[in-house]
Amino acid sequence: MWLGPEEVLVANALWVTERANPFFVLQRRRGHGKGGGLTGLLVGTLDVVLDSSARVAPYRILHQTQDSQVYWTVACGSSRKEITKHWEWLENNLLQTLSIFDTEEDITTFVKGKIHGIIAEENKNLQPQGDEDPGKFKEAELKMRKQFGMPEGEKLVNYYSCSYWKGRVPRQGWLYLTVNHLCFYSFLLGKEVSLVVQWVDVTRLEKNATLLFPESIRVDTRDQELFFSMFLNISETFKLMEQLANLAMRQLLDSEGFLEDKALPRPPRPHSNISALKRDLDARAKNECYCATFRLPGDERLDGHTGCTLWTPFNKLHIPGQMFISSNYICFASKEEDACHLIIPLREVTIVEKADSSSVLPSPLSISTKSKMTFLFANLKDRDFLVQRISDFLQKMPSKPPGNSRAGRKASIVDSAPESSPAPQEVSEQPASPTSPLGGLQGSHAREAPTASQGLLKLFQRNTPMEDLGAKGAKEKMKEESWHIHFFEYGRGMCMYRTARTRELVLKGIPESLRGELWLLFSGAWNEMVTHPGYYAELVEKSTGKYSLATEEIERDLHRSMPEHPAFQNELGIAALRRVLTAYAFRNPTIGYCQAMNIVTSVLLLYGSEEEAFWLLVALCERMLPDYYNTRVVGALVDQGIFEELTRDFLPQLSEKMQDLGVIPSISLSWFLTLFLSVMPFESAAVIVDCFFYEGIKVILQVALAILDANMEQLLGCSDEGEAMTVLGRYLDNVVNKQSVSPPIPHLHALLTSGDDPPEEVDIFDLLKVSYEKFSSLRAEDIEQMRFKQRLKVIQSLEDTAKRSVVRAIPGDIGFSIEELEDLYMVFKAKQLASQYWGSSRPAAVRRDPSLPYLEQYRIDTNQFQELFASLTPWACGSHTSVLAGRMFRLLDENKDSLINFKEFVTGISRMYHGDLTEKLKVLYKLHLPPALSPEEAESALEATHYFTENSSSEASPLASDLDLFLPWEAQEALQQEEQEGAGNDIQEKRRDGD
């Protein structure tokens with residue numbers, strides 16, 4: 001590889017000169033090749049510790065002049081062949097030219113210019129591909145591939161200097177983090193350490209500090225525990241390791257989604273020593289945090305963020321924070337967590353205006369919306385560039401507002417505001433908030449969509465005036481009035497200022513008249529609904545009359561969703577529930593339908609139209625409770641692990657008892673999957689759902705901890721799981737909402753009462769207050785960190801369960817022990833996953849559906865089978881191995897789908913290892929007959945058969961009898977038929993002779 005000339009003061013330190021001429025020197029690194037001795041060991045150790053480029057390139061070429069003591073590196077090579085090629089080029093193309101120069105300075109200048117030109121030409125040819133980063137990072141990637149035998153498809157993300165603790169001895173070396181592997185290499189005084197760990201095998205990853213391992217990163221697999229320490233930036237390293245391990249867990253959980261997201265884009269202009277993949281992963285992490293923080297659609301892409309201040313008219317302050325810009329939104333988050341959050345959809349923006357700067361208000365920027373709200377930002381570092389980016393995104397917005405048939409508008413970009421700016425004429429066309437059940441959203445689609453115009457609760461609830469409800473009616477009226485005052489001060493709709501005051505109002509209970517609207521806003525469902533007009537109606541139309549396993553399960557659960565509520569005691573409510581669940585199953589077949597979705601959806605339908613309930617369900621399943629509603633309820637199991645961990649932290653005296661009783665797995669799934677709707681009276685659980693849509697899973701965990709804390713004494717006295725469940729069931733049955741204005745609905749959850757007096761009633765608002773007072777230290781960032789750690793455990797536990805299930809499905813007479821079968825399964829699984837690692841072009845090999853039976857989830861194609869055949873079977877036979885492997889694959893592939901599962905694979909291997917001599921001969925015989933033969937081989941064999949049968953005598957020759965072993969079955973049947981016909985003719989002739 002040609003190198004930009006760099007000055008070398010001491011040319012012979014640690015190097016041996018192998019070739020020389022008047023202008024160049026070819027050198028080999030001491031210790032490379034034969035005869036290294038002690039010097040070679042020391043040099044090798046030095047190279048690893050200092051990450052010398054010589055580890056990548058043990059050969060180099062220096063430019064020198066006769067009278068100068070300064071040398072210049074011009075090329076390096078990882079092999080003698082590579083460096084010899086460069087040396088020969090220099091001798092053939094430069095030596096004669098250099099001899100005509102008069103001064104040494106001219107010679108050196110010419111050489112440097114020539115080398116720079118060669119490098120520029122090479123980079124020009126490689127630039128369109130964009131496959132690798134230049135500079136030192138490229139060298140490290142080459143080193144990684146050579147050291148660990150990785151293919152070109154394995155991309156290095158970043159590498160770090162660190163120590164690996166082998167026993168009590170630290171081994172200084174380099175940690176390489178690739179997309180699919182963690183690798184470590186160390187070479188100290190002749191002792192080499194080389195580690196390769198697949199991310200899909202990691203069961204535990206945490207950053208800790210102990211007396212033995214100072215501030216280290218621990219990486220566990222099923223077989224080993226690894227400790228790495230002495231990082232320059234341990235936080236950055238650990239964060240990147242978390243991301244890569246998360247990608248691997250996603251691959252195990254949902255290979256289809258992994259494949260869609262696998263191609264990590266490379267930036268157009270990569271920088272030296274920085275991985276493009278590393279920058280992409282950092283951007284991805286920021287984007288995921290951005291979407292989660294502001295509840296934005298998953299496909300939203302963060303463009304950038306900058307520090308600024310926001311003028312908040314409700315308290316007349318400039319609040320410092322960060323402004324975030326993406327393709328469809330402008331968002332703001334204050335530095336103080338609860339001070340202010342703001343979301344401004346660009347579809348609402350009418351004017352973006354740069355005002356004059358002042359000492360009080362430097363670089364101000366005002367943004368006006370169609371709802372006549374104006375937001376004033378200041379202290380923007382690069383205001384002009386920011387305005388240009390907003391302008392670019394506004395230009396890409398559709399010219400017509402979604403769902404509005406009237407002419408749309410384009411926002412105005414103004415440098416300074418005139419004293420009397422005309423108000424936008426189209427403000428009233430598109431409502432900025434879902435103030436009515438459909439908010440004027442659907443327009444022309446409203447007539448076509450099979451949706452109710454309002455929530456079912458309004459249709460099936462007696463219209464009792466608030467005045468007739470006494471204290472409850474007055475309380476509800478006060479709540480509504482408080483929210484309307486809040487809307488006046490903080491704004492209404494998507495652009496509302498969200499502050500600590502907003503949370504206080506949510507905790508006091510959302511009035512039923514506003515519940516649907518605020519659920520849509522806080523969950524982010526309104527954003528998706530307003531940008532996808534008619535989508536739900538289209539889904540309903542497509543899914544109507546379609547049968548699937550999901551629709552069968554939906555039909556079975558329809559009448560047991562909320563049978564106690566009058567809205568679901570008639571066909572109107574049942575039909576609405578059926579349409580929403582079926583439409584979602586059709587939208588997301590990966591999830592389809594999961595039990596508990598019916599209970600949650602029925603409550604959503606009470607407070608919103610079908611379309612609103614559908615988009616709330618989308619927000620719930622795809623963003624707020626990720627991976628909850630699938631066949632393996634992975635998300636719920638992850639949060640169950642978090643709940644167990646929080647119980648140990650906050651309620652240590654109860655934690656061990658709960659583990660002994662085995663209660664937490666039972667309660668957490670039913671509590672979390674249904675948001676307490678299946679275990680509490682409906683009026684009380686609805687209040688928890690209010691808080692959940694505003695705060696997320698944090699509220700569910702807090703309330704669960706508060707319930708255990710309230711029943712601690714009784715739980716400590718329980719002797720078994722049934723008794724503990726009775727205690728908790730009685731408590732939850734008596735959590736009441738005394739402020740509810742709806743008529744009480746009979747709670748069908750089993751009232752686990754005995755002859756004792758019923759327990760004391762618990763007000764839901766008191767329970768929420770206690771949960772915030774005792775457990776409010778929970779933060780969303782901490783929960784996400786805990787989710788990652790638990791996700792590793794849960795998914796690896798599920799993989800172990802799958803392995804045991806597959807092994808149990810293998811017949812007992814297969815010949816392999818349980819341990820051998822488990823080892824073979826891991827090899828088989830790794831081979832299938834490798835097709836996803838390195839961009840296999842064989843689509844059949846990468847399909848994996850986690851919803852399939854365990855035995856069918858991992859399957860390999862013929863090329864992967866040939867690789868395993870060559871490395872595992874005793875019948876590998878040189879150049880014929882691939883032919884034999886191909887025939888064995890076709891023999892095992894009974895259903896002809898070009899894929900074999902683990903059972904078929906083990907069956908074939910077992911015949912070669914454990915079959916007796918006769919059975920092995922039978923297998924060999926079958927390998928020479930269809931279906932083992934390829935179509936070309938079968939045709940060739942058939943032609944050969946015809947040739948021998950036509951040219952053979954009536955008496956069978958030894959050659960023909962031996963050939964029978966290798967004849968295809970069609971030819972054998974033809975021969976048998978000819979023999980039978982010949983025998984029949986002989987009998988008839990004998991009969992005629994006898995007559």
# chains A, B, ... in the order shown; residues from 1 in each chain; ligands from 1
call {"tool": "select_by_dssp", "arguments": {"residues": "range 650-849 of chain A", "states": "helix (DSSP H, G or I)", "output": "PyMOL selection string"}}
result
chain A and resi 650+652-661+664-673+682-695+697-710+712-716+721-733+764-775+780-808+812-814+818-837+843-846
call {"tool": "atom_distance", "arguments": {"atom1": "CA of Leu606 in chain A", "atom2": "CA of Gly516 in chain A"}}
result
8.6 Å
call {"tool": "atom_distance", "arguments": {"atom1": "CA of Ser543 in chain A", "atom2": "CA of Leu604 in chain A"}}
result
20.5 Å
call {"tool": "residues_around", "arguments": {"residues": "range 494-500 of chain A", "least_positions_apart": "6", "cutoff": "6 Å", "atoms": "only C-alpha atoms", "output": "compact mmCIF listing (two decimals) with all heavy atoms, in the first residue's frame"}}
result
# COMPACT_ATOMS: atom_id res chain seq x y z
N ASP A 338 -38.36 18.74 33.95
CA ASP A 338 -39.80 19.01 33.91
C ASP A 338 -40.15 20.45 33.56
O ASP A 338 -41.31 20.84 33.63
CB ASP A 338 -40.42 18.67 35.27
CG ASP A 338 -40.34 17.19 35.57
OD1 ASP A 338 -40.34 16.41 34.60
OD2 ASP A 338 -40.26 16.82 36.75
N ALA A 339 -39.16 21.26 33.21
CA ALA A 339 -39.45 22.68 32.99
C ALA A 339 -40.34 22.89 31.78
O ALA A 339 -41.38 23.55 31.86
CB ALA A 339 -38.15 23.47 32.84
N CYS A 340 -39.96 22.31 30.63
CA CYS A 340 -40.78 22.50 29.43
C CYS A 340 -40.35 21.57 28.32
O CYS A 340 -39.15 21.40 28.06
CB CYS A 340 -40.67 23.96 28.95
SG CYS A 340 -41.74 24.31 27.52
N HIS A 341 -41.33 20.96 27.68
CA HIS A 341 -41.15 20.21 26.44
C HIS A 341 -42.10 20.81 25.41
O HIS A 341 -43.23 21.18 25.75
CB HIS A 341 -41.47 18.73 26.64
CG HIS A 341 -40.28 17.92 27.03
ND1 HIS A 341 -40.10 16.62 26.64
CD2 HIS A 341 -39.20 18.22 27.77
CE1 HIS A 341 -38.96 16.16 27.13
NE2 HIS A 341 -38.41 17.12 27.83
N LEU A 342 -41.66 20.85 24.16
CA LEU A 342 -42.46 21.48 23.12
C LEU A 342 -42.30 20.70 21.82
O LEU A 342 -41.19 20.31 21.45
CB LEU A 342 -42.03 22.94 22.92
CG LEU A 342 -42.76 23.75 21.86
CD1 LEU A 342 -44.22 23.93 22.23
CD2 LEU A 342 -42.09 25.11 21.68
N ILE A 343 -43.40 20.47 21.13
CA ILE A 343 -43.39 19.79 19.83
C ILE A 343 -44.15 20.67 18.84
O ILE A 343 -45.33 20.98 19.04
CB ILE A 343 -44.05 18.41 19.91
CG1 ILE A 343 -43.36 17.53 20.95
CG2 ILE A 343 -44.03 17.72 18.54
CD1 ILE A 343 -44.12 16.25 21.27
N ILE A 344 -43.47 21.08 17.76
CA ILE A 344 -44.10 21.90 16.73
C ILE A 344 -44.05 21.14 15.41
O ILE A 344 -42.99 21.06 14.78
CB ILE A 344 -43.39 23.26 16.57
CG1 ILE A 344 -43.25 23.98 17.91
CG2 ILE A 344 -44.14 24.14 15.57
CD1 ILE A 344 -42.42 25.26 17.84
call {"tool": "select_by_dssp", "arguments": {"residues": "range 718-801 of chain A", "states": "strand (DSSP E or B)", "output": "count of residues only"}}
result
4
call {"tool": "closest_residue", "arguments": {"among": "A:Glu336, A:Glu122, A:Glu822, A:Glu512", "to": "Ala802 in chain A", "atoms": "only C-alpha atoms"}}
result
A:Glu822
call {"tool": "atom_distance", "arguments": {"atom1": "CA of Leu677 in chain A", "atom2": "CA of Tyr547 in chain A"}}
result
28.8 Å
call {"tool": "residues_around", "arguments": {"residues": "range 706-723 of chain A", "least_positions_apart": "6", "cutoff": "8 Å", "atoms": "only C-alpha atoms", "output": "list in words"}}
result
Leu651, Leu654, Lys657, Leu661, Gly662, Val663, Leu767, Val770, Ser771, Lys774 and Phe775 of chain A
call {"tool": "write_last_selection", "arguments": {"atoms": "N, CA, C and O atoms", "output": "PDB file, in the first residue's frame"}}
result
ATOM      1  N   LEU A 651     -37.488  -2.527  47.764  1.00  0.00           N
ATOM      2  CA  LEU A 651     -38.154  -3.331  48.800  1.00  0.00           C
ATOM      3  C   LEU A 651     -37.309  -4.573  49.104  1.00  0.00           C
ATOM      4  O   LEU A 651     -37.736  -5.713  48.878  1.00  0.00           O
ATOM      5  N   LEU A 654     -38.706  -7.560  51.032  1.00  0.00           N
ATOM      6  CA  LEU A 654     -39.768  -8.331  50.396  1.00  0.00           C
ATOM      7  C   LEU A 654     -39.266  -9.126  49.190  1.00  0.00           C
ATOM      8  O   LEU A 654     -39.886 -10.123  48.803  1.00  0.00           O
ATOM      9  N   LYS A 657     -38.614 -12.969  49.585  1.00  0.00           N
ATOM     10  CA  LYS A 657     -39.874 -13.677  49.812  1.00  0.00           C
ATOM     11  C   LYS A 657     -40.649 -13.832  48.506  1.00  0.00           C
ATOM     12  O   LYS A 657     -41.203 -14.911  48.215  1.00  0.00           O
ATOM     13  N   LEU A 661     -41.807 -17.292  46.648  1.00  0.00           N
ATOM     14  CA  LEU A 661     -43.204 -17.583  46.309  1.00  0.00           C
ATOM     15  C   LEU A 661     -43.419 -17.708  44.799  1.00  0.00           C
ATOM     16  O   LEU A 661     -44.398 -18.330  44.366  1.00  0.00           O
ATOM     17  N   GLY A 662     -42.531 -17.122  44.001  1.00  0.00           N
ATOM     18  CA  GLY A 662     -42.693 -17.166  42.550  1.00  0.00           C
ATOM     19  C   GLY A 662     -43.867 -16.346  42.058  1.00  0.00           C
ATOM     20  O   GLY A 662     -44.513 -16.701  41.061  1.00  0.00           O
ATOM     21  N   VAL A 663     -44.135 -15.229  42.726  1.00  0.00           N
ATOM     22  CA  VAL A 663     -45.330 -14.439  42.433  1.00  0.00           C
ATOM     23  C   VAL A 663     -45.096 -13.437  41.300  1.00  0.00           C
ATOM     24  O   VAL A 663     -45.978 -13.213  40.469  1.00  0.00           O
ATOM     25  N   LEU A 767     -53.198   6.044  45.770  1.00  0.00           N
ATOM     26  CA  LEU A 767     -52.198   5.070  45.346  1.00  0.00           C
ATOM     27  C   LEU A 767     -51.180   5.720  44.407  1.00  0.00           C
ATOM     28  O   LEU A 767     -49.968   5.496  44.540  1.00  0.00           O
ATOM     29  N   VAL A 770     -48.834   8.025  46.426  1.00  0.00           N
ATOM     30  CA  VAL A 770     -47.811   7.264  47.157  1.00  0.00           C
ATOM     31  C   VAL A 770     -46.745   6.752  46.197  1.00  0.00           C
ATOM     32  O   VAL A 770     -45.543   6.778  46.504  1.00  0.00           O
ATOM     33  N   SER A 771     -47.159   6.297  45.017  1.00  0.00           N
ATOM     34  CA  SER A 771     -46.185   5.762  44.065  1.00  0.00           C
ATOM     35  C   SER A 771     -45.199   6.817  43.626  1.00  0.00           C
ATOM     36  O   SER A 771     -44.016   6.525  43.409  1.00  0.00           O
ATOM     37  N   LYS A 774     -42.799   7.763  46.844  1.00  0.00           N
ATOM     38  CA  LYS A 774     -41.809   6.773  47.259  1.00  0.00           C
ATOM     39  C   LYS A 774     -40.879   6.314  46.136  1.00  0.00           C
ATOM     40  O   LYS A 774     -39.736   5.921  46.401  1.00  0.00           O
ATOM     41  N   PHE A 775     -41.370   6.344  44.915  1.00  0.00           N
ATOM     42  CA  PHE A 775     -40.593   5.727  43.837  1.00  0.00           C
ATOM     43  C   PHE A 775     -40.379   6.660  42.643  1.00  0.00           C
ATOM     44  O   PHE A 775     -40.135   6.203  41.541  1.00  0.00           O
TER      45      PHE A 775
END
call {"tool": "closest_residue", "arguments": {"among": "A:Glu528, A:Ala932, A:Lys789, A:Asp392", "to": "Met241 in chain A", "atoms": "only C-alpha atoms"}}
result
A:Lys789
call {"tool": "closest_residue", "arguments": {"among": "A:Glu904, A:Glu154, A:Asp782, A:Asp382", "to": "Phe828 in chain A", "atoms": "only C-alpha atoms"}}
result
A:Glu904
